[in-house]
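Below is data-v4.csv, holding CSV, C-alpha atoms.
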chain,number,residue,atom,x,y,z
A,1,MET,CA,168.3,-42.2,-35.3
A,2,HIS,CA,170.0,-41.6,-38.7
A,3,SER,CA,173.5,-42.8,-39.2
A,4,PRO,CA,176.0,-39.9,-39.6
A,5,SER,CA,176.6,-40.7,-43.3
A,6,GLN,CA,172.9,-40.6,-44.0
A,7,LEU,CA,172.7,-37.3,-42.2
A,8,LYS,CA,175.5,-36.0,-44.3
A,9,ARG,CA,173.9,-37.1,-47.5
A,10,ASP,CA,170.6,-35.5,-46.5
A,11,PHE,CA,172.3,-32.2,-45.5
A,12,LEU,CA,174.3,-32.1,-48.7
A,13,LYS,CA,171.3,-32.7,-50.9
A,14,GLN,CA,169.3,-29.9,-49.2
A,15,TRP,CA,172.3,-27.5,-49.1
A,16,LEU,CA,173.1,-27.9,-52.8
A,17,LYS,CA,169.5,-27.3,-53.6
A,18,GLY,CA,169.7,-24.1,-51.6
A,19,LEU,CA,173.0,-23.0,-53.2
A,20,GLN,CA,171.6,-23.5,-56.7
A,21,MET,CA,168.6,-21.5,-55.8
A,22,CYS,CA,170.7,-18.6,-54.4
A,23,ASN,CA,173.1,-18.4,-57.2
A,24,TYR,CA,171.0,-18.9,-60.2
A,25,PRO,CA,168.9,-15.7,-60.3
A,26,LYS,CA,171.8,-13.3,-59.7
A,27,LYS,CA,175.1,-14.2,-61.2
A,28,GLU,CA,176.7,-11.0,-60.0
A,29,MET,CA,176.7,-11.0,-56.2
A,30,SER,CA,179.1,-9.4,-53.8
A,31,ILE,CA,181.2,-11.8,-51.7
A,32,LEU,CA,179.4,-10.8,-48.6
A,33,GLU,CA,176.0,-11.4,-50.1
A,34,ARG,CA,177.1,-14.8,-51.4
A,35,LYS,CA,178.6,-15.8,-48.1
A,36,LYS,CA,175.3,-14.9,-46.3
A,37,ALA,CA,173.4,-17.0,-48.9
A,38,ILE,CA,175.7,-20.0,-48.5
A,39,LYS,CA,175.5,-19.8,-44.7
A,40,LEU,CA,171.7,-19.4,-44.8
A,41,SER,CA,171.1,-22.4,-47.0
A,42,ALA,CA,173.5,-24.4,-44.9
A,43,ASP,CA,171.6,-23.6,-41.7
A,44,VAL,CA,168.2,-24.2,-43.2
A,45,ALA,CA,169.4,-27.5,-44.7
A,46,MET,CA,170.8,-28.5,-41.4
A,47,ALA,CA,167.5,-27.7,-39.7
A,48,SER,CA,165.4,-29.5,-42.3
A,49,THR,CA,167.3,-32.8,-41.8
A,50,ARG,CA,165.8,-32.9,-38.3
A,51,ASN,CA,162.3,-33.0,-39.7
A,52,ALA,CA,160.7,-31.0,-36.9
A,53,THR,CA,161.8,-33.4,-34.2
A,54,SER,CA,163.8,-30.9,-32.3
A,55,CYS,CA,163.2,-27.5,-30.9
A,56,TRP,CA,166.3,-25.8,-32.1
A,57,SER,CA,165.6,-26.7,-35.8
A,58,LEU,CA,162.1,-25.2,-35.6
A,59,ALA,CA,163.5,-22.1,-34.0
A,60,LEU,CA,166.1,-21.8,-36.6
A,61,ILE,CA,163.6,-22.1,-39.4
A,62,ALA,CA,161.3,-19.6,-37.7
A,63,ASN,CA,164.1,-17.1,-37.4
A,64,ALA,CA,165.2,-17.5,-41.0
A,65,SER,CA,161.6,-17.0,-42.2
A,66,LYS,CA,161.2,-13.8,-40.3
A,67,ASP,CA,163.4,-11.9,-42.8
A,68,GLY,CA,161.4,-11.2,-45.9
A,69,ASN,CA,164.3,-11.8,-48.3
A,70,ASN,CA,165.0,-15.2,-47.0
A,71,LYS,CA,161.4,-16.4,-46.9
A,72,CYS,CA,161.3,-17.5,-50.5
A,73,LEU,CA,164.5,-19.5,-50.1
A,74,VAL,CA,163.3,-21.2,-47.0
A,75,GLU,CA,160.0,-22.1,-48.6
A,76,HIS,CA,161.6,-23.5,-51.7
A,77,LEU,CA,164.1,-25.5,-49.7
A,78,LEU,CA,161.6,-27.1,-47.4
A,79,GLY,CA,159.0,-27.6,-50.2
A,80,GLN,CA,155.8,-29.1,-49.0
A,81,GLU,CA,157.1,-29.4,-45.5
A,82,SER,CA,157.6,-25.7,-45.1
A,83,GLU,CA,154.0,-24.8,-44.2
A,84,ARG,CA,153.8,-27.5,-41.7
A,85,LEU,CA,157.2,-26.8,-40.2
A,86,LYS,CA,156.5,-23.0,-40.0
A,87,MET,CA,153.2,-23.6,-38.3
A,88,ALA,CA,154.8,-26.1,-35.9
A,89,SER,CA,157.6,-23.7,-35.1
A,90,THR,CA,155.4,-20.7,-34.4
A,91,PHE,CA,153.0,-22.8,-32.4
A,92,GLN,CA,155.8,-24.2,-30.3
A,93,LEU,CA,157.4,-20.9,-29.8
A,94,ALA,CA,154.1,-19.4,-28.6
A,95,ILE,CA,153.7,-22.2,-26.1
A,96,LEU,CA,157.2,-21.8,-24.8
A,97,ASN,CA,156.9,-18.0,-24.5
A,98,LYS,CA,153.7,-18.4,-22.6
A,99,LYS,CA,155.4,-20.9,-20.2
A,100,LEU,CA,158.3,-18.5,-19.8
A,101,ARG,CA,156.1,-15.5,-19.1
A,102,SER,CA,154.1,-17.4,-16.4
A,103,LYS,CA,157.3,-18.7,-14.9
A,104,LYS,CA,158.6,-15.2,-14.7
A,105,ILE,CA,155.5,-13.9,-13.0
A,106,ILE,CA,155.6,-16.7,-10.4
A,107,LYS,CA,159.3,-16.1,-9.8
A,108,LYS,CA,158.8,-12.4,-9.4
A,109,SER,CA,156.0,-12.8,-6.9
A,110,CYS,CA,157.9,-15.1,-4.6
A,111,SER,CA,161.6,-14.3,-5.1
A,112,VAL,CA,161.9,-12.9,-1.6
A,113,ARG,CA,159.7,-15.4,0.3
A,114,ARG,CA,161.2,-18.5,-1.3
A,115,VAL,CA,164.5,-18.2,0.5
A,116,LYS,CA,162.9,-18.3,3.9
A,117,LYS,CA,159.9,-20.6,3.5
A,118,LEU,CA,161.3,-23.4,1.3
A,119,ALA,CA,164.4,-24.0,3.2
A,120,PRO,CA,164.3,-27.9,3.4
A,121,ARG,CA,163.3,-28.2,-0.2
A,122,MET,CA,166.0,-25.8,-1.1
A,123,VAL,CA,168.6,-28.5,-0.5
A,124,LEU,CA,167.3,-30.7,-3.3
A,125,ALA,CA,166.7,-27.7,-5.7
A,126,SER,CA,170.0,-26.1,-4.9
A,127,SER,CA,172.0,-29.3,-5.7
A,128,VAL,CA,170.4,-29.2,-9.1
A,129,ALA,CA,171.0,-25.5,-9.4
A,130,LYS,CA,174.6,-25.8,-8.3
A,131,ARG,CA,175.3,-28.3,-11.1
A,132,LEU,CA,174.0,-25.9,-13.7
A,133,ALA,CA,175.5,-22.5,-12.8
A,134,LYS,CA,173.2,-19.7,-14.0
A,135,ASN,CA,175.7,-17.8,-16.1
A,136,ARG,CA,176.8,-20.9,-18.0
A,137,THR,CA,173.3,-21.8,-19.0
A,138,GLN,CA,172.6,-18.2,-19.9
A,139,LEU,CA,175.5,-18.3,-22.4
A,140,LEU,CA,174.4,-21.7,-23.8
A,141,LYS,CA,170.9,-20.4,-24.2
A,142,SER,CA,172.2,-17.6,-26.3
A,143,LEU,CA,174.1,-20.0,-28.5
A,144,VAL,CA,171.5,-22.6,-29.3
A,145,PRO,CA,168.6,-21.3,-31.5
A,146,GLY,CA,165.4,-21.0,-29.5
A,147,GLY,CA,167.3,-21.6,-26.3
A,148,GLU,CA,166.0,-18.7,-24.4
A,149,SER,CA,162.6,-20.2,-23.9
A,150,MET,CA,163.9,-23.7,-22.7
A,151,ASP,CA,164.3,-25.0,-19.2
A,152,GLU,CA,167.7,-26.4,-18.4
A,153,PHE,CA,166.9,-30.0,-18.9
A,154,SER,CA,165.6,-29.6,-22.5
A,155,LEU,CA,168.4,-27.1,-23.1
A,156,ILE,CA,171.0,-29.8,-22.6
A,157,LYS,CA,169.0,-32.3,-24.7
A,158,GLU,CA,168.7,-29.8,-27.5
A,159,THR,CA,172.4,-28.9,-27.3
A,160,LEU,CA,173.4,-32.6,-27.7
A,161,ASP,CA,171.3,-32.8,-30.9
A,162,TYR,CA,172.5,-29.3,-32.1
A,163,ILE,CA,176.2,-30.2,-31.7
A,164,VAL,CA,175.8,-33.4,-33.7
A,165,SER,CA,174.1,-31.5,-36.5
A,166,LEU,CA,176.7,-28.7,-36.4
A,167,ARG,CA,179.4,-31.3,-36.8
A,168,VAL,CA,177.7,-32.8,-39.9
A,169,GLN,CA,177.4,-29.3,-41.3
A,170,VAL,CA,181.0,-28.4,-40.7
A,171,ASP,CA,182.3,-31.8,-42.2
A,172,VAL,CA,180.3,-31.5,-45.3
A,173,MET,CA,181.1,-27.8,-45.9
A,174,ARG,CA,184.8,-28.5,-45.3
A,175,CYS,CA,184.7,-31.4,-47.9
A,176,LEU,CA,183.1,-29.2,-50.5
A,177,ALA,CA,185.5,-26.3,-49.8
A,178,ASN,CA,188.5,-28.6,-50.1
A,179,ALA,CA,187.2,-30.3,-53.2
A,180,SER,CA,186.5,-26.9,-54.9
A,181,ASP,CA,189.9,-25.7,-53.9
A,182,LEU,CA,191.6,-28.7,-55.4
A,183,LEU,CA,189.6,-28.4,-58.6
A,184,ASN,CA,190.2,-24.7,-58.8
A,185,CYS,CA,194.0,-25.1,-58.3
A,186,LYS,CA,194.1,-27.8,-61.0
A,187,GLY,CA,192.3,-25.4,-63.3
A,188,VAL,CA,194.8,-22.6,-62.7
A,189,HIS,CA,198.0,-24.6,-62.9
A,190,GLY,CA,197.0,-27.6,-65.1
B,1,MET,CA,146.0,-17.7,-2.0
B,2,SER,CA,146.1,-19.0,-5.5
B,3,ASN,CA,149.6,-17.5,-5.9
B,4,ARG,CA,151.0,-19.5,-3.0
B,5,ARG,CA,149.5,-22.7,-4.4
B,6,SER,CA,150.9,-22.2,-7.8
B,7,ARG,CA,154.2,-21.3,-6.3
B,8,GLN,CA,154.4,-24.6,-4.5
B,9,SER,CA,153.4,-26.6,-7.5
B,10,ALA,CA,156.2,-24.8,-9.5
B,11,GLY,CA,158.7,-25.9,-6.8
B,12,VAL,CA,157.5,-29.5,-7.1
B,13,SER,CA,157.8,-29.8,-10.8
B,14,THR,CA,161.4,-28.7,-10.9
B,15,SER,CA,162.5,-31.2,-8.3
B,16,ARG,CA,160.9,-34.0,-10.3
B,17,ILE,CA,163.7,-33.7,-12.8
B,18,THR,CA,166.0,-35.9,-10.9
B,19,ASP,CA,169.7,-35.3,-10.4
B,20,ASP,CA,170.4,-38.6,-12.1
B,21,GLN,CA,168.8,-37.5,-15.3
B,22,ILE,CA,170.9,-34.4,-15.3
B,23,ILE,CA,174.0,-36.4,-14.6
B,24,GLU,CA,173.2,-38.6,-17.5
B,25,LEU,CA,172.7,-35.7,-19.9
B,26,VAL,CA,175.9,-34.0,-18.8
B,27,SER,CA,177.9,-37.2,-19.3
B,28,LYS,CA,176.5,-37.5,-22.8
B,29,LEU,CA,177.6,-34.0,-23.5
B,30,GLN,CA,181.0,-34.8,-22.1
B,31,GLN,CA,181.4,-37.6,-24.6
B,32,LEU,CA,180.8,-35.3,-27.5
B,33,LEU,CA,183.3,-32.7,-26.4
B,34,PRO,CA,186.7,-33.3,-28.0
B,35,GLU,CA,188.9,-31.7,-25.3
B,36,ILE,CA,187.5,-33.3,-22.3
B,37,ARG,CA,187.4,-36.7,-23.9
B,38,ASN,CA,191.0,-36.7,-24.9
B,39,ASN,CA,192.6,-35.0,-21.9
B,40,ARG,CA,190.9,-36.0,-18.7
B,41,ARG,CA,189.3,-38.9,-17.0
B,42,SER,CA,185.6,-38.7,-16.9
B,43,ASN,CA,185.0,-38.8,-13.2
B,44,LYS,CA,187.1,-35.7,-12.6
B,45,VAL,CA,185.2,-33.2,-14.7
B,46,SER,CA,182.5,-31.1,-13.0
B,47,ALA,CA,179.2,-30.3,-14.7
B,48,SER,CA,180.0,-26.6,-14.9
B,49,LYS,CA,183.2,-27.3,-16.7
B,50,VAL,CA,181.3,-29.5,-19.2
B,51,LEU,CA,178.9,-26.6,-19.8
B,52,GLN,CA,181.7,-24.2,-20.3
B,53,GLU,CA,183.5,-26.5,-22.8
B,54,THR,CA,180.1,-27.0,-24.5
B,55,CYS,CA,179.7,-23.2,-25.0
B,56,ASN,CA,183.3,-22.9,-26.3
B,57,TYR,CA,182.8,-25.8,-28.7
B,58,VAL,CA,179.5,-24.5,-30.1
B,59,ARG,CA,181.1,-21.1,-30.6
B,60,SER,CA,184.1,-22.7,-32.4
B,61,LEU,CA,181.7,-24.7,-34.6
B,62,HIS,CA,179.8,-21.5,-35.5
B,63,ARG,CA,183.1,-19.8,-36.3
B,64,GLU,CA,184.1,-22.6,-38.6
B,65,VAL,CA,180.8,-22.5,-40.5
B,66,ASP,CA,181.4,-18.8,-40.9
B,67,ASP,CA,184.9,-19.2,-42.2
B,68,LEU,CA,183.9,-22.0,-44.6
B,69,SER,CA,181.1,-20.0,-46.0
B,70,GLU,CA,183.5,-17.1,-46.6
B,71,ARG,CA,186.0,-19.4,-48.2
B,72,LEU,CA,183.4,-20.9,-50.5
B,73,SER,CA,182.0,-17.5,-51.4
B,74,GLN,CA,185.5,-16.3,-52.4
B,75,LEU,CA,186.1,-19.5,-54.4
B,76,LEU,CA,182.9,-19.0,-56.3
B,77,ALA,CA,183.8,-15.4,-57.0
B,78,THR,CA,187.2,-16.1,-58.4
B,79,ILE,CA,186.4,-19.2,-60.3
B,80,ASP,CA,188.1,-19.4,-63.7
B,81,ALA,CA,185.1,-19.5,-66.1
B,82,GLU,CA,186.7,-21.6,-68.9
B,83,SER,CA,188.3,-24.6,-67.2
B,84,PRO,CA,186.5,-27.9,-67.2
B,85,GLU,CA,187.0,-28.2,-63.4
B,86,ALA,CA,185.1,-24.9,-63.0
B,87,SER,CA,182.2,-26.3,-65.0
B,88,ILE,CA,182.0,-29.2,-62.6
B,89,ILE,CA,181.8,-26.9,-59.6
B,90,ARG,CA,179.4,-24.6,-61.4
B,91,SER,CA,177.1,-27.5,-62.3
B,92,LEU,CA,177.0,-28.5,-58.7
B,93,ILE,CA,176.5,-25.2,-57.1
B,94,MET,CA,175.1,-22.8,-59.5

Would you mind writing the file out in structure tokens?
Amino acid sequence: MHSPSQLKRDFLKQWLKGLQMCNYPKKEMSILERKKAIKLSADVAMASTRNATSCWSLALIANASKDGNNKCLVEHLLGQESERLKMASTFQLAILNKKLRSKKIIKKSCSVRRVKKLAPRMVLASSVAKRLAKNRTQLLKSLVPGGESMDEFSLIKETLDYIVSLRVQVDVMRCLANASDLLNCKGVHG
Amino acid sequence: MSNRRSRQSAGVSTSRITDDQIIELVSKLQQLLPEIRNNRRSNKVSASKVLQETCNYVRSLHREVDDLSERLSQLLATIDAESPEASIIRSLIM
């Protein structure tokens, strides 16, 4: 497990690379375009620090690469890793989608019967189910990238990792924004 | 016939994830969340409350990233081209 400061350094390095890539070709960008570019490079940088060890980072990279405009940026940022990561992410998503589809089929075929037949086992399953109320996990699934295709156990594990990385992202971005603010003010008044 | 068999095996696999494992994960989540950590004692918080706080926290982090991106974007747009400070920023980011 990387220390937080190592994570911050890795993230900053990748993010700055992405920012330079976004800003260099077109000096004249609208504020909205630039904001999207900043956010995209931050997200991809955050995902790349995980080095394909977590599901959400792969899903994030896969989603980013879907848009044709972003593909170039993603590939440049990830460098040699990009092909491997993209393949790993599409592979994993395919497996998870298959699992999800087969789970859905099984659920559909026995949704009525289960209540009557599995009564004793329901006690154990329902205590687990009670702990993780359906609508809460649905909401969490929509927030974590790639969450829809995860079971509840992995969802919580991925969320833990995702929150740590999000925090690193916010801290580094805030530092850069504050530093730029300070420098800019100095330039205006000094 | 095969449907019933596969149905039962699906039931078995979900109960293998023990309650203890879920409790452990939820307590780890709890430690990450700022509000719950500061305000309440750990044994009083239910798992569903932890999940709710987690969703709120992730949403607020997303919002912050969005605001910071907007702030940086406006900064870069209004940067004074001549000052030495601007050239520092530009060399970093552009």

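With distances restricted to all atoms listed in the file, A:Gln20 is the closest residue to chain B from A:Thr49, A:Ser65, A:Gln20, A:Ser30.
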
**Message:** Can you measure atom CA of Glu53 of chain B to atom CA of Val44 of chain A for me? One decimal in Å is fine.
**Reply:** 25.6 Å

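We find atom CA of Ser154 of chain A and atom CA of Asp43 of chain A to be spaced 21.0 Å apart.
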
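Distances here use all atoms listed in the file; by that measure, the residue among B:Lys49, B:Asn56, B:Asp20, B:Glu70 closest to chain A is B:Glu70.
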
**Complete:** Restricting to all atoms listed in the file, whichever of B:Ser46, B:Pro34, B:Val65, B:Thr18 is closest to Asp171 of chain A is B:Val65

**Request:** Would you kindly identify which residues have an atom no farther than 10 Å from (173.4, -18.9, -19.9), using all atoms listed in the file and the file's own coordinates, and write them out as number ranges by chain?
**Result:** A: 132-143, 147-148, 152; B: 51-52, 55
